[in-house]
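A.B. asks: The structure file target-v3.pdb (PDB, C-alpha atoms (C1' of nucleotides)) is provided below.
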ATOM      1  CA  MET Q   1     -16.593  -0.950  11.845  1.00  0.00           C
ATOM      2  CA  ALA Q   2     -13.062  -1.633  10.731  1.00  0.00           C
ATOM      3  CA  PHE Q   3     -10.073   0.656  10.340  1.00  0.00           C
ATOM      4  CA  TRP Q   4      -7.618   0.828   7.437  1.00  0.00           C
ATOM      5  CA  LEU Q   5      -4.673   2.755   6.070  1.00  0.00           C
ATOM      6  CA  PHE Q   6      -4.437   3.894   2.450  1.00  0.00           C
ATOM      7  CA  LYS Q   7      -1.022   4.736   1.123  1.00  0.00           C
ATOM      8  CA  SER Q   8      -0.466   7.085  -1.788  1.00  0.00           C
ATOM      9  CA  GLU Q   9       2.405   8.903  -3.356  1.00  0.00           C
ATOM     10  CA  PRO Q  10       1.332  12.581  -3.254  1.00  0.00           C
ATOM     11  CA  SER Q  11       2.579  13.299  -6.780  1.00  0.00           C
ATOM     12  CA  THR Q  12       0.174  10.633  -8.035  1.00  0.00           C
ATOM     13  CA  TRP Q  13      -2.821  11.206  -5.753  1.00  0.00           C
ATOM     14  CA  SER Q  14      -2.537  13.502  -2.744  1.00  0.00           C
ATOM     15  CA  TRP Q  15      -4.679  14.327   0.258  1.00  0.00           C
ATOM     16  CA  GLU Q  16      -5.412  17.657  -1.411  1.00  0.00           C
ATOM     17  CA  ASP Q  17      -6.692  15.803  -4.478  1.00  0.00           C
ATOM     18  CA  GLN Q  18      -8.847  13.639  -2.219  1.00  0.00           C
ATOM     19  CA  LEU Q  19     -10.215  16.687  -0.343  1.00  0.00           C
ATOM     20  CA  ALA Q  20     -11.110  18.355  -3.633  1.00  0.00           C
ATOM     21  CA  LYS Q  21     -13.402  15.418  -4.427  1.00  0.00           C
ATOM     22  CA  GLY Q  22     -15.472  16.149  -1.307  1.00  0.00           C
ATOM     23  CA  ASP Q  23     -18.296  13.792  -0.410  1.00  0.00           C
ATOM     24  CA  VAL Q  24     -18.401  12.335  -3.906  1.00  0.00           C
ATOM     25  CA  GLY Q  25     -15.189  10.499  -3.162  1.00  0.00           C
ATOM     26  CA  GLU Q  26     -12.927   8.732  -5.597  1.00  0.00           C
ATOM     27  CA  GLU Q  27     -12.049   5.233  -6.694  1.00  0.00           C
ATOM     28  CA  TRP Q  28      -8.984   3.880  -4.930  1.00  0.00           C
ATOM     29  CA  ASP Q  29      -7.837   2.411  -8.214  1.00  0.00           C
ATOM     30  CA  GLY Q  30      -4.557   1.186  -9.564  1.00  0.00           C
ATOM     31  CA  ILE Q  31      -3.995  -1.405  -6.835  1.00  0.00           C
ATOM     32  CA  ARG Q  32      -2.216  -4.414  -8.353  1.00  0.00           C
ATOM     33  CA  ASN Q  33      -1.468  -6.363  -5.221  1.00  0.00           C
ATOM     34  CA  TYR Q  34      -3.549  -9.287  -4.016  1.00  0.00           C
ATOM     35  CA  GLN Q  35      -3.151  -8.590  -0.320  1.00  0.00           C
ATOM     36  CA  ALA Q  36      -4.247  -4.996  -0.766  1.00  0.00           C
ATOM     37  CA  ARG Q  37      -7.168  -6.047  -2.947  1.00  0.00           C
ATOM     38  CA  ASN Q  38      -8.247  -8.687  -0.466  1.00  0.00           C
ATOM     39  CA  HIS Q  39      -8.371  -6.051   2.261  1.00  0.00           C
ATOM     40  CA  MET Q  40     -10.565  -3.888   0.045  1.00  0.00           C
ATOM     41  CA  ARG Q  41     -12.913  -6.826  -0.539  1.00  0.00           C
ATOM     42  CA  THR Q  42     -13.669  -6.954   3.170  1.00  0.00           C
ATOM     43  CA  MET Q  43     -14.367  -3.228   3.525  1.00  0.00           C
ATOM     44  CA  LYS Q  44     -17.858  -1.966   4.312  1.00  0.00           C
ATOM     45  CA  ILE Q  45     -19.424   1.425   3.722  1.00  0.00           C
ATOM     46  CA  GLY Q  46     -18.630   3.618   6.710  1.00  0.00           C
ATOM     47  CA  ASP Q  47     -15.279   1.968   7.512  1.00  0.00           C
ATOM     48  CA  LYS Q  48     -12.671   4.590   8.393  1.00  0.00           C
ATOM     49  CA  GLY Q  49      -9.123   4.848   7.144  1.00  0.00           C
ATOM     50  CA  PHE Q  50      -5.980   6.910   7.457  1.00  0.00           C
ATOM     51  CA  PHE Q  51      -4.598   8.617   4.351  1.00  0.00           C
ATOM     52  CA  TYR Q  52      -0.811   8.267   4.239  1.00  0.00           C
ATOM     53  CA  HIS Q  53       1.626  10.164   2.023  1.00  0.00           C
ATOM     54  CA  SER Q  54       4.517   7.931   1.007  1.00  0.00           C
ATOM     55  CA  GLN Q  55       7.917   8.860  -0.410  1.00  0.00           C
ATOM     56  CA  LYS Q  56       8.664  12.512   0.330  1.00  0.00           C
ATOM     57  CA  ASP Q  57       6.385  13.240   3.298  1.00  0.00           C
ATOM     58  CA  LYS Q  58       6.043   9.820   4.932  1.00  0.00           C
ATOM     59  CA  GLU Q  59       3.222  10.909   7.200  1.00  0.00           C
ATOM     60  CA  ILE Q  60      -0.419  10.237   7.936  1.00  0.00           C
ATOM     61  CA  VAL Q  61      -2.268  13.370   6.916  1.00  0.00           C
ATOM     62  CA  GLY Q  62      -5.999  12.720   7.071  1.00  0.00           C
ATOM     63  CA  ILE Q  63      -8.998  10.522   7.710  1.00  0.00           C
ATOM     64  CA  VAL Q  64     -11.130   8.982   4.970  1.00  0.00           C
ATOM     65  CA  GLU Q  65     -14.272   6.874   4.872  1.00  0.00           C
ATOM     66  CA  VAL Q  66     -15.285   4.045   2.563  1.00  0.00           C
ATOM     67  CA  CYS Q  67     -18.221   5.313   0.472  1.00  0.00           C
ATOM     68  CA  ALA Q  68     -18.598   2.468  -2.053  1.00  0.00           C
ATOM     69  CA  GLU Q  69     -17.866  -1.195  -1.514  1.00  0.00           C
ATOM     70  CA  VAL Q  70     -15.634  -3.244  -3.758  1.00  0.00           C
ATOM     71  CA  HIS Q  71     -16.267  -3.073  -7.513  1.00  0.00           C
ATOM     72  CA  PRO Q  72     -14.178  -3.604 -10.676  1.00  0.00           C
ATOM     73  CA  ASP Q  73     -11.222  -1.227 -11.074  1.00  0.00           C
ATOM     74  CA  SER Q  74     -12.162   1.076 -13.962  1.00  0.00           C
ATOM     75  CA  THR Q  75      -8.511   1.575 -14.920  1.00  0.00           C
ATOM     76  CA  THR Q  76      -8.103  -1.980 -16.167  1.00  0.00           C
ATOM     77  CA  ASP Q  77     -10.021  -4.672 -18.059  1.00  0.00           C
ATOM     78  CA  ASP Q  78      -8.339  -7.312 -15.942  1.00  0.00           C
ATOM     79  CA  GLU Q  79     -11.170  -8.648 -13.811  1.00  0.00           C
ATOM     80  CA  ARG Q  80      -8.808  -9.683 -11.039  1.00  0.00           C
ATOM     81  CA  TRP Q  81      -8.483  -6.097  -9.901  1.00  0.00           C
ATOM     82  CA  GLU Q  82     -11.149  -4.472  -7.800  1.00  0.00           C
ATOM     83  CA  CYS Q  83     -11.284  -1.422  -5.583  1.00  0.00           C
ATOM     84  CA  VAL Q  84     -13.455   0.631  -3.249  1.00  0.00           C
ATOM     85  CA  ASP Q  85     -14.301   4.333  -3.266  1.00  0.00           C
ATOM     86  CA  ILE Q  86     -13.214   6.590  -0.414  1.00  0.00           C
ATOM     87  CA  LYS Q  87     -14.015  10.153   0.563  1.00  0.00           C
ATOM     88  CA  ALA Q  88     -12.151  12.619   2.749  1.00  0.00           C
ATOM     89  CA  VAL Q  89     -13.579  13.112   6.249  1.00  0.00           C
ATOM     90  CA  ALA Q  90     -11.137  15.464   7.962  1.00  0.00           C
ATOM     91  CA  PRO Q  91      -7.457  16.288   8.121  1.00  0.00           C
ATOM     92  CA  LEU Q  92      -5.518  15.288  11.234  1.00  0.00           C
ATOM     93  CA  ASN Q  93      -4.870  18.113  13.682  1.00  0.00           C
ATOM     94  CA  ALA Q  94      -1.218  17.483  12.972  1.00  0.00           C
ATOM     95  CA  PRO Q  95       0.297  14.933  10.584  1.00  0.00           C
ATOM     96  CA  VAL Q  96       1.762  11.831  12.228  1.00  0.00           C
ATOM     97  CA  THR Q  97       5.089  10.920  10.675  1.00  0.00           C
ATOM     98  CA  LEU Q  98       6.491   7.472  10.012  1.00  0.00           C
ATOM     99  CA  ALA Q  99       9.304   8.361  12.423  1.00  0.00           C
ATOM    100  CA  GLN Q 100       6.750   9.033  15.163  1.00  0.00           C
ATOM    101  CA  VAL Q 101       5.060   5.711  14.471  1.00  0.00           C
ATOM    102  CA  LYS Q 102       8.365   3.860  14.642  1.00  0.00           C
ATOM    103  CA  ALA Q 103       9.326   5.676  17.853  1.00  0.00           C
ATOM    104  CA  GLU Q 104       6.093   4.698  19.601  1.00  0.00           C
ATOM    105  CA  PRO Q 105       6.520   1.316  21.351  1.00  0.00           C
ATOM    106  CA  ARG Q 106       2.761   0.677  21.313  1.00  0.00           C
ATOM    107  CA  LEU Q 107       2.873   0.816  17.495  1.00  0.00           C
ATOM    108  CA  ALA Q 108       5.745  -1.634  17.106  1.00  0.00           C
ATOM    109  CA  ASP Q 109       3.473  -4.187  15.437  1.00  0.00           C
ATOM    110  CA  MET Q 110       1.684  -1.743  13.153  1.00  0.00           C
ATOM    111  CA  VAL Q 111       1.839  -2.870   9.522  1.00  0.00           C
ATOM    112  CA  LEU Q 112       2.998   0.575   8.447  1.00  0.00           C
ATOM    113  CA  ALA Q 113       6.176   0.184  10.475  1.00  0.00           C
ATOM    114  CA  ASN Q 114       6.884  -3.343   9.269  1.00  0.00           C
ATOM    115  CA  ASN Q 115       5.638  -3.871   5.732  1.00  0.00           C
ATOM    116  CA  THR Q 116       6.597  -0.746   3.869  1.00  0.00           C
ATOM    117  CA  ARG Q 117       5.272  -1.919   0.530  1.00  0.00           C
ATOM    118  CA  LEU Q 118       1.689  -2.858   1.322  1.00  0.00           C
ATOM    119  CA  SER Q 119      -0.459  -0.013   0.037  1.00  0.00           C
ATOM    120  CA  VAL Q 120      -3.746  -0.918   1.739  1.00  0.00           C
ATOM    121  CA  GLN Q 121      -3.380  -2.061   5.317  1.00  0.00           C
ATOM    122  CA  PRO Q 122      -5.599  -3.029   8.255  1.00  0.00           C
ATOM    123  CA  VAL Q 123      -5.317  -0.872  11.385  1.00  0.00           C
ATOM    124  CA  THR Q 124      -6.433  -2.124  14.801  1.00  0.00           C
ATOM    125  CA  PRO Q 125      -8.774  -0.005  16.947  1.00  0.00           C
ATOM    126  CA  ALA Q 126      -5.943   0.409  19.476  1.00  0.00           C
ATOM    127  CA  GLU Q 127      -3.557   1.627  16.773  1.00  0.00           C
ATOM    128  CA  TRP Q 128      -6.235   3.970  15.453  1.00  0.00           C
ATOM    129  CA  ASP Q 129      -6.615   5.599  18.873  1.00  0.00           C
ATOM    130  CA  ILE Q 130      -2.865   5.920  19.384  1.00  0.00           C
ATOM    131  CA  ILE Q 131      -2.411   7.648  16.025  1.00  0.00           C
ATOM    132  CA  LEU Q 132      -5.209  10.085  16.867  1.00  0.00           C
ATOM    133  CA  GLU Q 133      -3.533  10.710  20.216  1.00  0.00           C
ATOM    134  CA  LEU Q 134      -0.211  11.427  18.481  1.00  0.00           C
ATOM    135  CA  SER Q 135      -1.957  13.832  16.136  1.00  0.00           C
ATOM    136  CA  GLY Q 136      -3.122  15.880  19.053  1.00  0.00           C
ATOM    137  CA  GLY Q 137      -6.510  14.313  19.673  1.00  0.00           C
TER     138      GLY Q 137
ATOM    139  C1'  DG E   1      19.941   7.749  -6.357  1.00  0.00           C
ATOM    140  C1'  DC E   2      20.582   3.514  -4.139  1.00  0.00           C
ATOM    141  C1'  DC E   3      19.158  -0.593  -2.418  1.00  0.00           C
ATOM    142  C1'  DA E   4      16.358  -3.897   0.370  1.00  0.00           C
ATOM    143  C1'  DA E   5      12.127  -6.191   0.466  1.00  0.00           C
ATOM    144  C1'  DC E   6       8.812  -8.356  -1.751  1.00  0.00           C
ATOM    145  C1'  DG E   7       5.610  -9.863  -5.379  1.00  0.00           C
ATOM    146  C1'  DT E   8       5.071 -11.656  -9.983  1.00  0.00           C
ATOM    147  C1'  DT E   9       6.462 -13.991 -14.118  1.00  0.00           C
ATOM    148  C1'  DG E  10       8.079 -17.545 -16.848  1.00  0.00           C
ATOM    149  C1'  DG E  11      11.319 -21.349 -18.017  1.00  0.00           C
ATOM    150  C1'  DC E  12      12.181 -25.828 -16.867  1.00  0.00           C
TER     151       DC E  12
ATOM    152  C1'  DG D   1       5.519 -26.842  -8.773  1.00  0.00           C
ATOM    153  C1'  DC D   2      10.010 -24.831  -8.051  1.00  0.00           C
ATOM    154  C1'  DC D   3      12.961 -21.156  -8.341  1.00  0.00           C
ATOM    155  C1'  DA D   4      15.677 -17.648 -10.726  1.00  0.00           C
ATOM    156  C1'  DA D   5      15.079 -13.356 -12.878  1.00  0.00           C
ATOM    157  C1'  DC D   6      12.960  -9.289 -13.013  1.00  0.00           C
ATOM    158  C1'  DG D   7      10.095  -5.207 -11.806  1.00  0.00           C
ATOM    159  C1'  DT D   8       8.186  -2.147  -8.403  1.00  0.00           C
ATOM    160  C1'  DT D   9       7.738   0.177  -4.122  1.00  0.00           C
ATOM    161  C1'  DG D  10       9.289   3.074  -0.762  1.00  0.00           C
ATOM    162  C1'  DG D  11      12.606   4.184   3.054  1.00  0.00           C
ATOM    163  C1'  DC D  12      16.943   6.107   3.656  1.00  0.00           C
TER     164       DC D  12
END
Give the structure from this file in structure tokens form.

C.D. replies:
Amino acid sequence: MAFWLFKSEPSTWSWEDQLAKGDVGEEWDGIRNYQARNHMRTMKIGDKGFFYHSQKDKEIVGIVEVCAEVHPDSTTDDERWECVDIKAVAPLNAPVTLAQVKAEPRLADMVLANNTRLSVQPVTPAEWDIILELSGG
DNA sequence: GCCAACGTTGGC
DNA sequence: GCCAACGTTGGC
């Protein structure tokens, strides 16, 4: 199983919106970036991801799970763009802020701290555990 | 609100 | 195929 991080601006699609969808989940649509799409192409059902609020909050707020593998993005006719579906699993005990991530030496190489614009990112198992640790376990 | 980083587009 | 111009994202 692989780990990922999904970035969203809360005014567009928030963790609360995601939670409201329950186990049905929701298309992670609107991605118009090849790197992000390529990551989604490699995702499998059951992969876990962090849900990150960009812009105002800048913090990881919850855990999601891939519940449908890659398929065409329903928000466009352009066949280049595909996406997966994700569903909320649980909120973090406490949100982990970008500042916390940047202050943690073991997370110095995390994509979140280095490539601010990539909206779908891979997370290593080690990084996953450290984030959970920072959130209070 | 500004600006840096980065990706995409389009002219040549 | 290169590269300048432009648009978008997201941190500060």

A.B. asks: Could you work out how far atom CA of Glu133 of chain Q lies from atom CA of Gln100 of chain Q, giving the answer in Å with one decimal?

C.D. replies: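 Calculated distance between atom CA of Gln100 of chain Q and atom CA of Glu133 of chain Q is 11.6 Å.
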
A.B. asks: Could you tell me which residues the PyMOL selection byres ((chain Q and resi 31-33) around 12) returns for this structure, as a PyMOL selection string?

C.D. replies: (chain Q and resi 6-8+27-30+34-40+72-76+78-84+117-121) or (chain E and resi 6-8) or (chain D and resi 8-9)

A.B. asks: Excluding DG11 of chain E and any residue of its chain fewer than 6 positions from it, enumerate the residues within 12 Å of it, using all atoms listed in the file, and give them as a list in words.

C.D. replies: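 Within the cut-off, the hits are DC2, DC3, DA4 and DA5 of chain D.
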
A.B. asks: Counting all atoms listed in the file, what is within 9 Å of Met110 of chain Q, bar same-chain residues fewer than 5 positions away, as a list in words?

C.D. replies: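 The contact residues come out as Val101, Lys102, Asn115, Pro122, Val123, Thr124 and Glu127 of chain Q.
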
A.B. asks: For atom CA of Leu92 of chain Q and atom CA of Trp13 of chain Q, determine how far apart the two atoms are, in Å to one decimal place.

C.D. replies: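 That distance, rounded to one decimal, is 17.7 Å.
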
A.B. asks: Distance atom CA of Thr12 of chain Q-atom CA of Ile86 of chain Q, one decimal place?

C.D. replies: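 Between atom CA of Thr12 of chain Q and atom CA of Ile86 of chain Q the gap works out to 15.9 Å.
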
A.B. asks: Using only C-alpha atoms, can you tell me which of Q:Val96, Q:Pro10, Q:Glu59, Q:Cys67 comes closest to Gly22 of chain Q?

C.D. replies: Q:Cys67

A.B. asks: Determine the residue set returned by the PyMOL selection byres ((chain Q) within 8 of (chain D)) for the present structure, and present it as JSON, numbers by chain.

C.D. replies: {"Q": [54, 55, 116, 117]}

A.B. asks: Within 6 Å of (-0.4, 11.3, 2.0), in the coordinates the file gives, what residues turn up when you count all atoms listed in the file, written out as a list in words?

C.D. replies: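 Checked against the point, the hits come out as Ser8, Pro10, Ser14, Trp15, Phe51, Tyr52, His53 and Val61 of chain Q.
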
A.B. asks: To box segment 41-58 of chain Q, take all atoms listed in the file, fit an axis-aligned box, add 5 Å on each side, and give centre and edge lengths in Å to one decimal, as lines of an AutoDock Vina configuration file.

C.D. replies:
center_x = -5.4
center_y = 3.1
center_z = 3.9
size_x = 38.1
size_y = 30.2
size_z = 18.9

A.B. asks: What do you get, as a VMD selection string, if you spell out every residue that the PyMOL selection byres ((chain Q and resi 49) around 8) selects here?

C.D. replies: chain Q and resid 3 to 6 47 to 48 50 to 51 63 to 66

A.B. asks: Those same residues - C-alpha atoms - I'd like them written as a PDB file, in the coordinates of the input.

C.D. replies:
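Written output follows (result_37.pdb):
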ATOM      1  CA  PHE Q   3     -10.073   0.656  10.340  1.00  0.00           C
ATOM      2  CA  TRP Q   4      -7.618   0.828   7.437  1.00  0.00           C
ATOM      3  CA  LEU Q   5      -4.673   2.755   6.070  1.00  0.00           C
ATOM      4  CA  PHE Q   6      -4.437   3.894   2.450  1.00  0.00           C
ATOM      5  CA  ASP Q  47     -15.279   1.968   7.512  1.00  0.00           C
ATOM      6  CA  LYS Q  48     -12.671   4.590   8.393  1.00  0.00           C
ATOM      7  CA  PHE Q  50      -5.980   6.910   7.457  1.00  0.00           C
ATOM      8  CA  PHE Q  51      -4.598   8.617   4.351  1.00  0.00           C
ATOM      9  CA  ILE Q  63      -8.998  10.522   7.710  1.00  0.00           C
ATOM     10  CA  VAL Q  64     -11.130   8.982   4.970  1.00  0.00           C
ATOM     11  CA  GLU Q  65     -14.272   6.874   4.872  1.00  0.00           C
ATOM     12  CA  VAL Q  66     -15.285   4.045   2.563  1.00  0.00           C
TER      13      VAL Q  66
END

A.B. asks: Using all atoms listed in the file, find the one residue out of Q:Glu104, Q:Asn93, Q:Leu112, Q:Ala68 that sits nearest to Val24 of chain Q.

C.D. replies: Q:Ala68
